[in-house]
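Listing of my_file.tsv; format and content: TSV, C-alpha atoms.
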chain	number	residue	atom	x	y	z
A	122	MET	CA	-0.72	-12.90	8.05
A	123	ARG	CA	-4.45	-12.50	8.85
A	124	PHE	CA	-5.87	-9.53	10.75
A	125	ALA	CA	-9.10	-8.44	12.43
A	126	ALA	CA	-11.40	-11.43	12.56
A	127	ASN	CA	-10.13	-12.74	9.22
A	128	ILE	CA	-11.30	-9.76	7.17
A	129	LEU	CA	-7.84	-8.85	5.88
A	130	ASP	CA	-4.94	-10.96	4.66
A	131	VAL	CA	-1.48	-9.49	4.24
A	132	ARG	CA	1.05	-11.37	2.12
A	133	GLU	CA	4.64	-10.24	1.97
A	134	GLY	CA	7.28	-10.84	-0.65
A	135	ARG	CA	9.98	-9.31	-2.81
A	136	GLU	CA	9.90	-8.61	-6.50
A	137	ASN	CA	12.97	-7.33	-8.35
A	138	GLY	CA	14.45	-6.13	-5.07
A	139	THR	CA	11.30	-4.27	-4.03
A	140	GLN	CA	9.36	-5.28	-0.94
A	141	VAL	CA	5.71	-5.98	-1.79
A	142	LEU	CA	2.79	-6.17	0.64
A	143	GLU	CA	-0.41	-7.52	-0.87
A	144	LEU	CA	-3.62	-6.67	0.99
A	145	ALA	CA	-6.71	-8.83	0.41
A	146	GLY	CA	-10.11	-8.27	2.00
A	147	GLU	CA	-11.15	-5.13	3.85
A	148	LEU	CA	-8.95	-2.32	5.15
A	149	ASP	CA	-11.18	-0.50	7.60
A	150	ALA	CA	-11.38	0.63	11.22
A	151	ALA	CA	-11.27	-2.97	12.43
A	152	SER	CA	-8.20	-4.08	10.48
A	153	ALA	CA	-6.33	-0.77	10.22
A	154	PRO	CA	-4.52	-0.81	13.60
A	155	ALA	CA	-2.72	-4.09	12.86
A	156	VAL	CA	-1.83	-2.99	9.32
A	157	ARG	CA	-0.63	0.39	10.62
A	158	GLU	CA	1.65	-1.41	13.08
A	159	ARG	CA	2.99	-3.74	10.37
A	160	LEU	CA	3.69	-0.84	8.00
A	161	ALA	CA	5.44	1.08	10.78
A	162	GLU	CA	7.75	-1.93	11.24
A	163	VAL	CA	8.42	-2.06	7.50
A	164	ALA	CA	9.20	1.66	7.44
A	165	THR	CA	11.67	1.53	10.30
A	166	ARG	CA	13.63	-1.57	9.35
A	167	GLY	CA	15.82	-2.03	6.35
A	168	GLY	CA	15.73	0.03	3.22
A	169	GLY	CA	14.61	-0.06	-0.34
A	170	SER	CA	11.31	0.51	-2.01
A	171	LEU	CA	7.88	-0.66	-0.93
A	172	VAL	CA	4.85	-1.45	-3.08
A	173	ILE	CA	1.45	-2.04	-1.51
A	174	ASP	CA	-0.75	-4.10	-3.81
A	175	LEU	CA	-4.48	-3.39	-3.39
A	176	THR	CA	-5.58	-5.60	-6.29
A	177	SER	CA	-7.41	-8.02	-3.95
A	178	LEU	CA	-8.71	-5.35	-1.58
A	179	MET	CA	-12.51	-5.30	-1.67
A	180	PHE	CA	-13.14	-2.32	0.63
A	181	ILE	CA	-11.30	0.63	2.15
A	182	ASP	CA	-12.63	3.34	4.44
A	183	SER	CA	-11.16	6.62	5.70
A	184	THR	CA	-9.18	4.79	8.38
A	185	GLY	CA	-7.60	2.60	5.72
A	186	LEU	CA	-6.78	5.65	3.59
A	187	SER	CA	-5.08	7.20	6.62
A	188	VAL	CA	-2.95	4.05	7.05
A	189	LEU	CA	-1.74	4.31	3.44
A	190	LEU	CA	-1.02	8.04	3.70
A	191	ASN	CA	0.93	7.61	6.93
A	192	ALA	CA	2.95	4.73	5.46
A	193	ARG	CA	3.87	6.90	2.48
A	194	ARG	CA	4.88	9.76	4.77
A	195	ARG	CA	7.07	7.53	6.95
A	196	LEU	CA	8.81	5.93	4.00
A	197	THR	CA	9.45	9.14	2.06
A	198	ARG	CA	10.87	10.77	5.19
A	199	ARG	CA	13.39	7.93	5.23
A	200	GLY	CA	14.19	8.44	1.55
A	201	ARG	CA	12.43	5.26	0.47
A	202	ASP	CA	10.27	5.02	-2.65
A	203	PHE	CA	6.64	3.96	-2.30
A	204	GLY	CA	3.95	2.91	-4.74
A	205	VAL	CA	0.46	1.48	-4.66
A	206	VAL	CA	-1.07	-1.02	-7.09
A	207	CYS	CA	-4.72	-0.20	-7.59
A	208	PRO	CA	-6.42	-1.45	-10.76
A	209	ALA	CA	-9.84	-0.30	-11.93
A	210	GLY	CA	-12.62	-1.07	-9.48
A	211	HIS	CA	-14.27	0.07	-6.28
A	212	VAL	CA	-11.08	0.84	-4.33
A	213	ARG	CA	-9.58	2.83	-7.21
A	214	ARG	CA	-12.81	4.82	-7.47
A	215	ILE	CA	-12.50	5.76	-3.78
A	216	LEU	CA	-8.93	6.91	-4.38
A	217	GLU	CA	-10.09	8.94	-7.39
A	218	VAL	CA	-12.94	10.62	-5.49
A	219	THR	CA	-10.63	11.47	-2.58
A	220	LYS	CA	-7.98	12.72	-5.04
A	221	LEU	CA	-5.36	10.35	-3.60
A	222	LEU	CA	-4.28	8.52	-6.75
A	223	GLU	CA	-1.39	10.87	-7.43
A	224	THR	CA	-0.59	11.51	-3.77
A	225	LEU	CA	-0.17	7.79	-3.08
A	226	GLY	CA	1.63	7.05	-6.34
A	227	CYS	CA	-0.92	4.60	-7.77
A	228	TYR	CA	-0.32	2.25	-10.68
A	229	ALA	CA	-2.68	-0.07	-12.55
A	230	THR	CA	-0.41	-3.13	-12.30
A	231	ARG	CA	2.19	-4.53	-9.93
A	232	GLU	CA	4.73	-4.59	-12.76
A	233	GLU	CA	4.27	-0.85	-13.37
A	234	ALA	CA	4.57	-0.04	-9.67
A	235	VAL	CA	7.66	-2.18	-9.07
A	236	THR	CA	9.36	-0.75	-12.16
A	237	ALA	CA	8.50	2.82	-11.19
A	238	VAL	CA	9.71	2.63	-7.59
A	239	ALA	CA	12.83	0.71	-8.63
A	240	ASP	CA	13.60	3.55	-11.05
A	241	GLY	CA	12.69	6.16	-8.45
A	242	ALA	CA	10.10	7.53	-10.91
A	243	GLU	CA	6.87	7.75	-8.96
A	244	SER	CA	3.71	8.74	-10.82
Can I see the file as structure tokens?
Amino acid sequence: MRFAANILDVREGRENGTQVLELAGELDAASAPAVRERLAEVATRGGGSLVIDLTSLMFIDSTGLSVLLNARRRLTRRGRDFGVVCPAGHVRRILEVTKLLETLGCYATREEAVTAVADGAES
């Protein structure tokens, strides 16, 4: 799935029973509305854990951060586990500065995130 003038790709899959959304490109004011809508759909249908993989995300702004926070809120209200993959780099630095690493449940690798949410042991 490609959003907002081809600046963001969203790939969906499953890994060890956990739904995974991989974001690649830029999550900003232009692409956020479509991603917000997609995550709202994910939150309201089905069950199980969700991992959002930001490994290929090159940029995120405050609108993108809001999308992630709202997705976490929706999922946890439904009793679903949620984790974010965010390795070292620019996006992780933004999450560190905004003090959102712990709030979002961030992990350095997809394997760590999938294992953690499958075990219900968020960081």
Let me make sure I understand: among A:Leu216, A:Val156, A:Ala150, A:Ala209, which one has the smallest atom-to-atom distance to Arg132 of chain A if we use only C-alpha atoms? A:Val156
Gly169 of chain A surroundings by all atoms listed in the file, 8 Å radius, close-in-sequence under 4 positions cut, as a CSV table (one decimal) with C-alpha atoms, in the coordinates of the input:
chain,number,residue,atom,x,y,z
A,138,GLY,CA,14.4,-6.1,-5.1
A,139,THR,CA,11.3,-4.3,-4.0
A,140,GLN,CA,9.4,-5.3,-0.9
A,201,ARG,CA,12.4,5.3,0.5
A,202,ASP,CA,10.3,5.0,-2.6
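Using all atoms listed in the file, the residues found no farther than 12 Å from Leu196 of chain A, other than those of its own chain fewer than 6 positions away, are Leu160, Ala161, Glu162, Val163, Ala164, Thr165, Arg166, Gly167, Gly168, Gly169, Ser170, Leu171, Val172, Leu189, Leu190, Asp202, Phe203, Gly204 and Leu225 of chain A.
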Prev. selection, C-alpha atoms, output as an mmCIF file, in the coordinates of the input:
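The resulting file, selection_16.cif, is shown below:
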data_model
loop_
_atom_site.group_PDB
_atom_site.id
_atom_site.type_symbol
_atom_site.label_atom_id
_atom_site.label_comp_id
_atom_site.auth_asym_id
_atom_site.auth_seq_id
_atom_site.Cartn_x
_atom_site.Cartn_y
_atom_site.Cartn_z
ATOM 1 C CA LEU A 160 3.690 -0.840 8.000
ATOM 2 C CA ALA A 161 5.440 1.080 10.780
ATOM 3 C CA GLU A 162 7.750 -1.930 11.240
ATOM 4 C CA VAL A 163 8.420 -2.060 7.500
ATOM 5 C CA ALA A 164 9.200 1.660 7.440
ATOM 6 C CA THR A 165 11.670 1.530 10.300
ATOM 7 C CA ARG A 166 13.630 -1.570 9.350
ATOM 8 C CA GLY A 167 15.820 -2.030 6.350
ATOM 9 C CA GLY A 168 15.730 0.030 3.220
ATOM 10 C CA GLY A 169 14.610 -0.060 -0.340
ATOM 11 C CA SER A 170 11.310 0.510 -2.010
ATOM 12 C CA LEU A 171 7.880 -0.660 -0.930
ATOM 13 C CA VAL A 172 4.850 -1.450 -3.080
ATOM 14 C CA LEU A 189 -1.740 4.310 3.440
ATOM 15 C CA LEU A 190 -1.020 8.040 3.700
ATOM 16 C CA ASP A 202 10.270 5.020 -2.650
ATOM 17 C CA PHE A 203 6.640 3.960 -2.300
ATOM 18 C CA GLY A 204 3.950 2.910 -4.740
ATOM 19 C CA LEU A 225 -0.170 7.790 -3.080
#
Determine, counting only C-alpha atoms, which protein, DNA and RNA residues have an atom within 10 Å of an atom of segment 147-149 of chain A; residues of the same chain fewer than 6 positions away are not included. Present the result as a ChimeraX atom specification. /A:124-125,127-130,156,175,177-189
When you look at Thr236 of chain A with a cut-off of 10 Å (counting all atoms listed in the file), what residues show up, excluding the ones that are within fewer than 4 positions of it in the same chain? I need them as a PyMOL selection string. chain A and resi 136-137+139+204+231-232+240-243
Edge lengths and centre, in Å to one decimal, as AutoDock Vina command-line options: that's what I need for the box along x, y and z that holds all listed atoms of segment 142-159 of chain A plus 8 Å on each side.
--center_x -4.2 --center_y -4.1 --center_z 6.4 --size_x 30.4 --size_y 25.5 --size_z 30.5
